[in-house]
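Raw contents of start31.cif, mmCIF, C-alpha atoms and all ligand atoms:
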```
data_coords
#
loop_
_atom_site.group_PDB
_atom_site.id
_atom_site.type_symbol
_atom_site.label_atom_id
_atom_site.label_comp_id
_atom_site.auth_asym_id
_atom_site.auth_seq_id
_atom_site.Cartn_x
_atom_site.Cartn_y
_atom_site.Cartn_z
ATOM 1 C CA MET A 30 22.340 19.183 9.858
ATOM 2 C CA LYS A 31 21.074 19.692 6.320
ATOM 3 C CA THR A 32 19.661 16.783 4.322
ATOM 4 C CA LEU A 33 19.260 16.964 0.562
ATOM 5 C CA ILE A 34 16.049 15.106 -0.255
ATOM 6 C CA LEU A 35 15.687 13.803 -3.805
ATOM 7 C CA SER A 36 12.888 11.717 -5.264
ATOM 8 C CA ASP A 37 11.708 10.253 -8.558
ATOM 9 C CA VAL A 38 14.822 10.897 -10.628
ATOM 10 C CA HIS A 39 13.550 8.308 -13.139
ATOM 11 C CA ALA A 40 16.819 7.767 -15.014
ATOM 12 C CA ASN A 41 17.023 11.444 -15.951
ATOM 13 C CA TRP A 42 20.749 11.990 -15.532
ATOM 14 C CA TRP A 43 20.491 15.490 -17.030
ATOM 15 C CA ALA A 44 18.028 16.619 -14.358
ATOM 16 C CA LEU A 45 20.143 15.162 -11.543
ATOM 17 C CA ARG A 46 23.235 16.920 -12.929
ATOM 18 C CA ALA A 47 21.291 20.179 -13.132
ATOM 19 C CA VAL A 48 20.287 19.868 -9.459
ATOM 20 C CA LEU A 49 23.873 19.203 -8.361
ATOM 21 C CA ASP A 50 25.250 22.032 -10.527
ATOM 22 C CA PHE A 51 22.625 24.413 -9.112
ATOM 23 C CA LEU A 52 23.540 23.558 -5.515
ATOM 24 C CA GLU A 53 27.216 24.111 -6.250
ATOM 25 C CA ARG A 54 26.614 27.354 -8.147
ATOM 26 C CA GLU A 55 24.350 28.763 -5.419
ATOM 27 C CA LYS A 56 26.707 27.500 -2.695
ATOM 28 C CA ILE A 57 23.867 25.602 -1.021
ATOM 29 C CA GLY A 58 25.512 23.028 1.207
ATOM 30 C CA TYR A 59 24.182 19.755 2.598
ATOM 31 C CA ASP A 60 25.542 17.123 4.954
ATOM 32 C CA ARG A 61 23.816 14.043 3.615
ATOM 33 C CA VAL A 62 21.458 12.704 0.947
ATOM 34 C CA VAL A 63 18.133 10.895 1.260
ATOM 35 C CA SER A 64 16.434 9.405 -1.799
ATOM 36 C CA LEU A 65 12.723 8.579 -1.702
ATOM 37 C CA GLY A 66 13.035 6.124 -4.616
ATOM 38 C CA ASP A 67 12.156 5.654 -8.308
ATOM 39 C CA TYR A 68 15.639 5.742 -9.846
ATOM 40 C CA VAL A 69 14.525 4.030 -13.059
ATOM 41 C CA ASP A 70 12.079 4.243 -16.005
ATOM 42 C CA TYR A 71 11.021 7.088 -18.281
ATOM 43 C CA GLY A 72 14.613 8.342 -18.774
ATOM 44 C CA THR A 73 17.549 6.780 -20.592
ATOM 45 C CA ARG A 74 20.283 6.642 -17.958
ATOM 46 C CA PRO A 75 19.268 4.304 -15.126
ATOM 47 C CA ASN A 76 22.828 3.065 -14.581
ATOM 48 C CA GLU A 77 24.406 6.511 -14.170
ATOM 49 C CA VAL A 78 21.620 7.584 -11.800
ATOM 50 C CA ILE A 79 21.801 4.444 -9.637
ATOM 51 C CA GLU A 80 25.598 4.577 -9.520
ATOM 52 C CA TRP A 81 25.489 8.178 -8.247
ATOM 53 C CA PHE A 82 23.075 7.179 -5.475
ATOM 54 C CA ARG A 83 25.070 4.063 -4.631
ATOM 55 C CA GLU A 84 28.036 6.300 -3.946
ATOM 56 C CA ARG A 85 26.388 9.320 -2.338
ATOM 57 C CA CYS A 86 23.142 8.299 -0.685
ATOM 58 C CA ASP A 87 22.821 7.956 3.100
ATOM 59 C CA ILE A 88 19.236 6.638 2.999
ATOM 60 C CA CYS A 89 18.071 5.114 -0.298
ATOM 61 C CA LEU A 90 14.440 3.979 -0.543
ATOM 62 C CA LEU A 91 12.722 1.690 -3.041
ATOM 63 C CA GLY A 92 10.079 3.173 -5.366
ATOM 64 C CA ASN A 93 7.286 1.422 -7.244
ATOM 65 C CA HIS A 94 9.230 1.550 -10.536
ATOM 66 C CA ASP A 95 12.302 0.068 -8.852
ATOM 67 C CA ALA A 96 10.116 -2.633 -7.284
ATOM 68 C CA ALA A 97 8.676 -3.516 -10.703
ATOM 69 C CA LEU A 98 12.160 -4.331 -11.996
ATOM 70 C CA VAL A 99 12.731 -6.996 -9.374
ATOM 71 C CA ASN A 100 9.113 -8.142 -9.045
ATOM 72 C CA HIS A 101 7.310 -8.175 -12.392
ATOM 73 C CA GLU A 102 3.902 -8.545 -10.738
ATOM 74 C CA GLU A 103 4.137 -4.855 -9.789
ATOM 75 C CA ARG A 104 3.965 -4.068 -13.523
ATOM 76 C CA ASN A 105 0.298 -5.106 -13.466
ATOM 77 C CA TYR A 106 -0.457 -1.699 -11.926
ATOM 78 C CA PHE A 107 1.443 0.223 -14.602
ATOM 79 C CA SER A 108 0.136 2.337 -17.471
ATOM 80 C CA ASP A 109 1.179 1.192 -20.965
ATOM 81 C CA LEU A 110 3.837 3.903 -20.974
ATOM 82 C CA ALA A 111 5.326 2.815 -17.634
ATOM 83 C CA TYR A 112 5.214 -0.854 -18.697
ATOM 84 C CA THR A 113 7.102 -0.124 -21.936
ATOM 85 C CA CYS A 114 9.748 1.809 -20.016
ATOM 86 C CA SER A 115 10.133 -0.938 -17.405
ATOM 87 C CA VAL A 116 10.762 -3.559 -20.130
ATOM 88 C CA TRP A 117 13.310 -1.222 -21.783
ATOM 89 C CA THR A 118 15.095 -0.532 -18.472
ATOM 90 C CA GLU A 119 15.403 -4.232 -17.761
ATOM 91 C CA LYS A 120 17.366 -4.645 -20.990
ATOM 92 C CA VAL A 121 19.971 -1.979 -20.168
ATOM 93 C CA ILE A 122 20.382 -2.137 -16.388
ATOM 94 C CA LYS A 123 23.680 -3.587 -15.140
ATOM 95 C CA PRO A 124 23.412 -6.647 -12.852
ATOM 96 C CA GLU A 125 25.151 -4.853 -9.963
ATOM 97 C CA ASN A 126 22.664 -1.979 -10.150
ATOM 98 C CA LEU A 127 19.727 -4.379 -10.223
ATOM 99 C CA ASN A 128 21.233 -6.073 -7.204
ATOM 100 C CA PHE A 129 21.438 -2.721 -5.397
ATOM 101 C CA ILE A 130 17.702 -2.167 -6.025
ATOM 102 C CA ARG A 131 16.887 -5.668 -4.834
ATOM 103 C CA HIS A 132 18.112 -4.788 -1.324
ATOM 104 C CA LEU A 133 16.217 -1.500 -0.902
ATOM 105 C CA ARG A 134 13.145 -0.964 1.267
ATOM 106 C CA PRO A 135 10.327 1.566 0.640
ATOM 107 C CA LEU A 136 10.477 3.229 4.050
ATOM 108 C CA ALA A 137 12.895 4.230 6.803
ATOM 109 C CA ARG A 138 12.346 5.727 10.241
ATOM 110 C CA GLU A 139 14.684 8.078 12.138
ATOM 111 C CA GLY A 140 13.211 9.099 15.498
ATOM 112 C CA ASP A 141 9.983 10.963 14.768
ATOM 113 C CA ILE A 142 10.768 11.305 11.065
ATOM 114 C CA LEU A 143 9.476 8.809 8.491
ATOM 115 C CA TYR A 144 10.828 8.616 4.945
ATOM 116 C CA VAL A 145 8.630 6.660 2.552
ATOM 117 C CA HIS A 146 8.279 6.434 -1.221
ATOM 118 C CA ALA A 147 4.489 6.758 -1.483
ATOM 119 C CA ALA A 148 2.575 6.933 1.836
ATOM 120 C CA PRO A 149 2.825 5.486 5.360
ATOM 121 C CA ASP A 150 -0.388 3.488 4.815
ATOM 122 C CA ASP A 151 0.858 2.025 1.489
ATOM 123 C CA PRO A 152 4.610 2.607 1.055
ATOM 124 C CA ILE A 153 4.775 1.650 -2.618
ATOM 125 C CA TRP A 154 1.571 2.705 -4.376
ATOM 126 C CA LYS A 155 -0.696 5.219 -2.591
ATOM 127 C CA TYR A 156 -0.734 8.771 -3.965
ATOM 128 C CA ILE A 157 -1.131 11.660 -1.491
ATOM 129 C CA PHE A 158 -2.608 14.379 -3.662
ATOM 130 C CA ASP A 159 -5.012 16.184 -1.329
ATOM 131 C CA PRO A 160 -5.900 16.713 2.345
ATOM 132 C CA SER A 161 -8.289 13.752 2.412
ATOM 133 C CA ASP A 162 -5.508 11.375 1.208
ATOM 134 C CA ALA A 163 -3.201 12.990 3.780
ATOM 135 C CA THR A 164 -5.710 12.617 6.636
ATOM 136 C CA ILE A 165 -5.719 8.820 6.270
ATOM 137 C CA SER A 166 -1.930 8.764 6.000
ATOM 138 C CA PHE A 167 -1.469 10.873 9.157
ATOM 139 C CA ARG A 168 -3.704 8.426 11.046
ATOM 140 C CA SER A 169 -1.565 5.450 10.023
ATOM 141 C CA THR A 170 1.653 6.612 11.723
ATOM 142 C CA ASP A 171 2.776 8.542 14.804
ATOM 143 C CA ALA A 172 5.696 10.155 12.911
ATOM 144 C CA ARG A 173 5.749 13.932 13.305
ATOM 145 C CA LEU A 174 7.399 14.619 9.961
ATOM 146 C CA ILE A 175 6.777 12.379 6.932
ATOM 147 C CA PHE A 176 8.706 12.736 3.690
ATOM 148 C CA VAL A 177 7.032 11.203 0.622
ATOM 149 C CA GLY A 178 7.576 11.200 -3.142
ATOM 150 C CA HIS A 179 5.630 9.288 -5.824
ATOM 151 C CA THR A 180 3.168 11.955 -7.023
ATOM 152 C CA HIS A 181 5.863 14.039 -8.765
ATOM 153 C CA VAL A 182 4.127 17.127 -7.348
ATOM 154 C CA PRO A 183 6.020 19.297 -4.839
ATOM 155 C CA SER A 184 3.563 19.702 -1.985
ATOM 156 C CA TYR A 185 2.915 19.711 1.753
ATOM 157 C CA PHE A 186 0.142 18.760 4.146
ATOM 158 C CA ALA A 187 -0.056 19.944 7.747
ATOM 159 C CA ARG A 188 -2.161 18.463 10.555
ATOM 160 C CA TYR A 189 -3.022 20.369 13.708
ATOM 161 C CA ARG A 190 -5.864 19.618 16.135
ATOM 162 C CA THR A 191 -8.322 17.863 13.791
ATOM 163 C CA VAL A 192 -7.526 19.964 10.721
ATOM 164 C CA VAL A 193 -5.496 18.876 7.680
ATOM 165 C CA VAL A 194 -4.553 21.540 5.132
ATOM 166 C CA GLY A 195 -2.079 21.730 2.276
ATOM 167 C CA GLY A 196 -1.470 21.494 -1.430
ATOM 168 C CA GLN A 197 0.996 22.166 -4.222
ATOM 169 C CA VAL A 198 4.111 24.287 -3.926
ATOM 170 C CA VAL A 199 3.929 26.675 -6.866
ATOM 171 C CA SER A 200 7.300 28.383 -6.673
ATOM 172 C CA ASP A 201 10.935 27.900 -7.614
ATOM 173 C CA ARG A 202 12.003 28.447 -4.004
ATOM 174 C CA MET A 203 9.871 28.219 -0.890
ATOM 175 C CA LYS A 204 10.881 27.727 2.729
ATOM 176 C CA MET A 205 8.492 26.327 5.314
ATOM 177 C CA LYS A 206 9.484 26.610 8.959
ATOM 178 C CA PHE A 207 7.966 23.802 10.999
ATOM 179 C CA LEU A 208 5.890 24.541 14.100
ATOM 180 C CA PRO A 209 6.331 22.201 17.063
ATOM 181 C CA SER A 210 2.601 21.545 17.517
ATOM 182 C CA VAL A 211 1.970 20.605 13.875
ATOM 183 C CA ARG A 212 2.637 17.343 11.983
ATOM 184 C CA TYR A 213 3.728 17.548 8.360
ATOM 185 C CA ILE A 214 3.799 15.498 5.179
ATOM 186 C CA VAL A 215 6.402 16.943 2.803
ATOM 187 C CA ASN A 216 6.837 15.977 -0.853
ATOM 188 C CA PRO A 217 9.942 17.457 -2.529
ATOM 189 C CA GLY A 218 8.515 16.780 -6.011
ATOM 190 C CA SER A 219 10.312 14.896 -8.779
ATOM 191 C CA VAL A 220 13.837 15.532 -9.992
ATOM 192 C CA GLY A 221 13.396 13.712 -13.284
ATOM 193 C CA GLN A 222 9.791 13.993 -14.445
ATOM 194 C CA PRO A 223 7.593 16.931 -13.379
ATOM 195 C CA ARG A 224 3.835 16.262 -13.321
ATOM 196 C CA ASP A 225 2.545 19.617 -12.110
ATOM 197 C CA GLY A 226 2.728 21.267 -15.526
ATOM 198 C CA LEU A 227 5.405 23.703 -14.382
ATOM 199 C CA GLY A 228 8.513 21.854 -15.610
ATOM 200 C CA GLY A 229 12.023 21.708 -14.202
ATOM 201 C CA ALA A 230 13.600 19.506 -11.539
ATOM 202 C CA SER A 231 12.085 19.744 -8.045
ATOM 203 C CA PHE A 232 13.774 18.775 -4.798
ATOM 204 C CA GLY A 233 14.458 20.195 -1.345
ATOM 205 C CA ILE A 234 16.625 20.523 1.737
ATOM 206 C CA TYR A 235 15.555 19.645 5.273
ATOM 207 C CA ASP A 236 17.278 21.620 8.016
ATOM 208 C CA ASP A 237 16.729 19.883 11.351
ATOM 209 C CA GLU A 238 18.115 22.786 13.395
ATOM 210 C CA GLU A 239 15.751 25.533 12.230
ATOM 211 C CA PRO A 240 13.703 23.258 11.638
ATOM 212 C CA SER A 241 12.542 23.873 8.070
ATOM 213 C CA PHE A 242 12.215 22.494 4.571
ATOM 214 C CA THR A 243 13.046 24.507 1.452
ATOM 215 C CA TRP A 244 11.705 23.474 -1.949
ATOM 216 C CA TYR A 245 13.670 24.344 -5.079
ATOM 217 C CA ARG A 246 12.793 24.059 -8.766
ATOM 218 C CA VAL A 247 15.569 24.223 -11.362
ATOM 219 C CA ASN A 248 15.109 24.548 -15.108
ATOM 220 C CA TYR A 249 17.653 22.872 -17.378
ATOM 221 C CA ASP A 250 18.496 22.200 -20.997
ATOM 222 C CA LEU A 251 16.229 19.383 -22.216
ATOM 223 C CA SER A 252 17.931 18.813 -25.581
ATOM 224 C CA ASN A 253 20.089 15.866 -24.443
ATOM 225 C CA LEU A 254 17.157 14.129 -22.755
ATOM 226 C CA LYS A 255 14.902 14.556 -25.801
ATOM 227 C CA LYS A 256 17.613 13.336 -28.168
ATOM 228 C CA GLU A 257 18.357 10.254 -26.072
ATOM 229 C CA ILE A 258 14.680 9.311 -25.667
ATOM 230 C CA GLY A 259 14.417 9.355 -29.473
ATOM 231 C CA GLU A 260 17.628 7.377 -29.975
ATOM 232 C CA ALA A 261 16.587 4.767 -27.387
ATOM 233 C CA GLY A 262 13.290 4.156 -29.167
ATOM 234 C CA LEU A 263 11.306 5.048 -26.052
ATOM 235 C CA PRO A 264 7.789 6.475 -26.594
ATOM 236 C CA MET A 265 7.957 10.119 -27.685
ATOM 237 C CA SER A 266 4.850 10.789 -25.563
ATOM 238 C CA LEU A 267 7.303 10.939 -22.622
ATOM 239 C CA LEU A 268 8.274 14.386 -23.830
ATOM 240 C CA SER A 269 4.848 15.773 -22.939
ATOM 241 C CA TYR A 270 5.948 16.018 -19.281
ATOM 242 C CA TYR A 271 8.731 18.445 -20.148
ATOM 243 C CA LEU A 272 8.111 22.043 -21.136
HETATM 244 FE FE FE B 1 7.847 8.080 -9.691
#
```
Render the structure in this file as structure tokens.
Amino acid sequence: MKTLILSDVHANWWALRAVLDFLEREKIGYDRVVSLGDYVDYGTRPNEVIEWFRERCDICLLGNHDAALVNHEERNYFSDLAYTCSVWTEKVIKPENLNFIRHLRPLAREGDILYVHAAPDDPIWKYIFDPSDATISFRSTDARLIFVGHTHVPSYFARYRTVVVGGQVVSDRMKMKFLPSVRYIVNPGSVGQPRDGLGGASFGIYDDEEPSFTWYRVNYDLSNLKKEIGEAGLPMSLLSYYL
């Protein structure tokens, strides 16, 4: 079975469309969809994004930006930019979409697989950027395979014996076949807002038969996104994430 794993779409409808068009064009099939959260903020189309996930998602997690919409105390941890976007999103989000977010949880377990927005040891806020962050996270769960989002950096960490290695995925397509004696943390990267300086929409597909995970990065036309950010009156500094 193949699972399309998407994370951190951040109301960027154009990036999500580009991912779906790419999969169709390349004839890359999938049986189900898992979202690691952060549907809202930064982009202009939170309703379209949430409505797509409401219809298509098999496992939908809660991200820190989603949590901040239903619990304003979470905004205390935000940058000024994130805070401004959260206030803007609250004005445009439809009640039924807010209600959908209200019922989400930040983690889900399926056998020896854990899906979580940020990290097993802090499902909403911890960033796993390097092997020392990953070491603590591996210790906090017995899951063999852990899917995380939140950093907006496509990456992996692998633990075998007492060693933890890993880092960024710097490619537009990379497959990693999993070894049975190794535990993995896999981050598909962000669909809607890249933070690795390489641009595009990042995501991946987990194949539980091989077993493997393949990262993809898709470039797309940014003109609609840029135009809408301007029209919405959102901070133009948002554009610095996009190349
Ligand atoms: Fe995010």
Q | Neighbour residues at most 10 Å from (25.0, -3.2, -13.8) (all atoms listed in the file) as number ranges by chain | A | A: 75-77, 79-80, 121-129
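Coordinates place atom CA of A:Val145 at a distance of 7.4 Å from atom CA of A:Gly178.
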Considering only C-alpha atoms and all ligand atoms, give me a table of residues in chain A that are at most 6 Å from ligand FE 1 (chain B), with the closest atom pair and distance in Å for each, as a tab-separated table.
```
residue	atom	partner	partner_atom	distance
A:Asp37	CA	B:FE1	FE	4.6
A:Asp67	CA	B:FE1	FE	5.1
A:His179	CA	B:FE1	FE	4.6
```
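Here atom CA of A:Gln222 is placed at a distance of 6.9 Å from atom CA of A:His39.
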Could you pull the residues within 12 Å of stretch 91-104 of chain A, counting only C-alpha atoms, minus those fewer than 6 positions along the same chain, as a PDB file with C-alpha atoms, in the coordinates of the input?
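The new file around27.pdb reads:
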```pdb
ATOM      1  CA  SER A  36      12.888  11.717  -5.264  1.00  0.00           C
ATOM      2  CA  ASP A  37      11.708  10.253  -8.558  1.00  0.00           C
ATOM      3  CA  VAL A  38      14.822  10.897 -10.628  1.00  0.00           C
ATOM      4  CA  HIS A  39      13.550   8.308 -13.139  1.00  0.00           C
ATOM      5  CA  ALA A  40      16.819   7.767 -15.014  1.00  0.00           C
ATOM      6  CA  VAL A  63      18.133  10.895   1.260  1.00  0.00           C
ATOM      7  CA  SER A  64      16.434   9.405  -1.799  1.00  0.00           C
ATOM      8  CA  LEU A  65      12.723   8.579  -1.702  1.00  0.00           C
ATOM      9  CA  GLY A  66      13.035   6.124  -4.616  1.00  0.00           C
ATOM     10  CA  ASP A  67      12.156   5.654  -8.308  1.00  0.00           C
ATOM     11  CA  TYR A  68      15.639   5.742  -9.846  1.00  0.00           C
ATOM     12  CA  VAL A  69      14.525   4.030 -13.059  1.00  0.00           C
ATOM     13  CA  ASP A  70      12.079   4.243 -16.005  1.00  0.00           C
ATOM     14  CA  TYR A  71      11.021   7.088 -18.281  1.00  0.00           C
ATOM     15  CA  GLY A  72      14.613   8.342 -18.774  1.00  0.00           C
ATOM     16  CA  PRO A  75      19.268   4.304 -15.126  1.00  0.00           C
ATOM     17  CA  ILE A  79      21.801   4.444  -9.637  1.00  0.00           C
ATOM     18  CA  PHE A  82      23.075   7.179  -5.475  1.00  0.00           C
ATOM     19  CA  LEU A 110       3.837   3.903 -20.974  1.00  0.00           C
ATOM     20  CA  ALA A 111       5.326   2.815 -17.634  1.00  0.00           C
ATOM     21  CA  TYR A 112       5.214  -0.854 -18.697  1.00  0.00           C
ATOM     22  CA  THR A 113       7.102  -0.124 -21.936  1.00  0.00           C
ATOM     23  CA  CYS A 114       9.748   1.809 -20.016  1.00  0.00           C
ATOM     24  CA  SER A 115      10.133  -0.938 -17.405  1.00  0.00           C
ATOM     25  CA  VAL A 116      10.762  -3.559 -20.130  1.00  0.00           C
ATOM     26  CA  TRP A 117      13.310  -1.222 -21.783  1.00  0.00           C
ATOM     27  CA  THR A 118      15.095  -0.532 -18.472  1.00  0.00           C
ATOM     28  CA  GLU A 119      15.403  -4.232 -17.761  1.00  0.00           C
ATOM     29  CA  LYS A 120      17.366  -4.645 -20.990  1.00  0.00           C
ATOM     30  CA  VAL A 121      19.971  -1.979 -20.168  1.00  0.00           C
ATOM     31  CA  ILE A 122      20.382  -2.137 -16.388  1.00  0.00           C
ATOM     32  CA  LYS A 123      23.680  -3.587 -15.140  1.00  0.00           C
ATOM     33  CA  PRO A 124      23.412  -6.647 -12.852  1.00  0.00           C
ATOM     34  CA  ASN A 126      22.664  -1.979 -10.150  1.00  0.00           C
ATOM     35  CA  LEU A 127      19.727  -4.379 -10.223  1.00  0.00           C
ATOM     36  CA  ASN A 128      21.233  -6.073  -7.204  1.00  0.00           C
ATOM     37  CA  PHE A 129      21.438  -2.721  -5.397  1.00  0.00           C
ATOM     38  CA  ILE A 130      17.702  -2.167  -6.025  1.00  0.00           C
ATOM     39  CA  ARG A 131      16.887  -5.668  -4.834  1.00  0.00           C
ATOM     40  CA  HIS A 132      18.112  -4.788  -1.324  1.00  0.00           C
ATOM     41  CA  LEU A 133      16.217  -1.500  -0.902  1.00  0.00           C
ATOM     42  CA  ARG A 134      13.145  -0.964   1.267  1.00  0.00           C
ATOM     43  CA  PRO A 135      10.327   1.566   0.640  1.00  0.00           C
ATOM     44  CA  LEU A 136      10.477   3.229   4.050  1.00  0.00           C
ATOM     45  CA  ALA A 137      12.895   4.230   6.803  1.00  0.00           C
ATOM     46  CA  TYR A 144      10.828   8.616   4.945  1.00  0.00           C
ATOM     47  CA  VAL A 145       8.630   6.660   2.552  1.00  0.00           C
ATOM     48  CA  HIS A 146       8.279   6.434  -1.221  1.00  0.00           C
ATOM     49  CA  ALA A 147       4.489   6.758  -1.483  1.00  0.00           C
ATOM     50  CA  ALA A 148       2.575   6.933   1.836  1.00  0.00           C
ATOM     51  CA  ASP A 151       0.858   2.025   1.489  1.00  0.00           C
ATOM     52  CA  PRO A 152       4.610   2.607   1.055  1.00  0.00           C
ATOM     53  CA  ILE A 153       4.775   1.650  -2.618  1.00  0.00           C
ATOM     54  CA  TRP A 154       1.571   2.705  -4.376  1.00  0.00           C
ATOM     55  CA  LYS A 155      -0.696   5.219  -2.591  1.00  0.00           C
ATOM     56  CA  TYR A 156      -0.734   8.771  -3.965  1.00  0.00           C
ATOM     57  CA  VAL A 177       7.032  11.203   0.622  1.00  0.00           C
ATOM     58  CA  GLY A 178       7.576  11.200  -3.142  1.00  0.00           C
ATOM     59  CA  HIS A 179       5.630   9.288  -5.824  1.00  0.00           C
ATOM     60  CA  THR A 180       3.168  11.955  -7.023  1.00  0.00           C
TER      61      THR A 180
END
```
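Applied to this file, the PyMOL selection byres (((chain A and resi 232) around 9) and not hetatm) selects Leu33, Ile34, Leu35, Ser36, Val48, Pro183, Asn216, Pro217, Gly218, Ser219, Val220, Ala230, Ser231, Gly233, Ile234, Thr243, Trp244, Tyr245, Arg246 and Val247 of chain A.
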Q. Using all atoms listed in the file, can you list as an MDAnalysis selection string the residues within 12 Å of (19.0, 27.2, 15.1)?
A. chainID A and resid 30:31 206 236:241
**Q.** Selection near A:Lys256, 12 Å with all atoms listed in the file, sequence-local residues under 5 positions removed, as a PyMOL selection string
**A.** chain A and resi 43+72-73+250-251+261-263+265+267-268
(Q) For the PyMOL selection byres (((chain A and resi 192) around 12) and not hetatm), applied here, can you spell out every residue it catches as a count of residues only? (A) 17
Q. For the atom pair atom CA of A:Glu257 and atom CA of A:Asp225, what is the interatomic distance in Å to one decimal place?
A. 23.1 Å
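Comparing the minimum interatomic distances between A:Glu84 and each of A:Arg138, A:Lys255, A:Arg46, A:Arg61, counting only C-alpha atoms, we find that A:Arg61 sits nearest.
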(Q) For a quick check of understanding, using only C-alpha atoms, which of A:Gly221, A:Gly140, A:Gly58, A:Pro264 has the smallest distance to A:Arg74? (A) A:Gly221
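Checking A:Met205, A:Ile175, A:Cys89, A:Leu45 one by one against A:Leu254, counting all atoms listed in the file, you find the shortest gap at A:Leu45.
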Q: I would like the residues chosen by the PyMOL selection byres (((chain A and resi 215) around 6) and not hetatm) on the shown file; could you give them as a PyMOL selection string?
A: chain A and resi 176+185+214+216
Stretch 78-81 of chain A: axis-aligned bounding box, 8 Å on each side, centre and edge lengths in Å, one decimal, as AutoDock Vina command-line options:
```
--center_x 23.6 --center_y 6.3 --center_z -10.0 --size_x 20.0 --size_y 19.7 --size_z 19.6
```
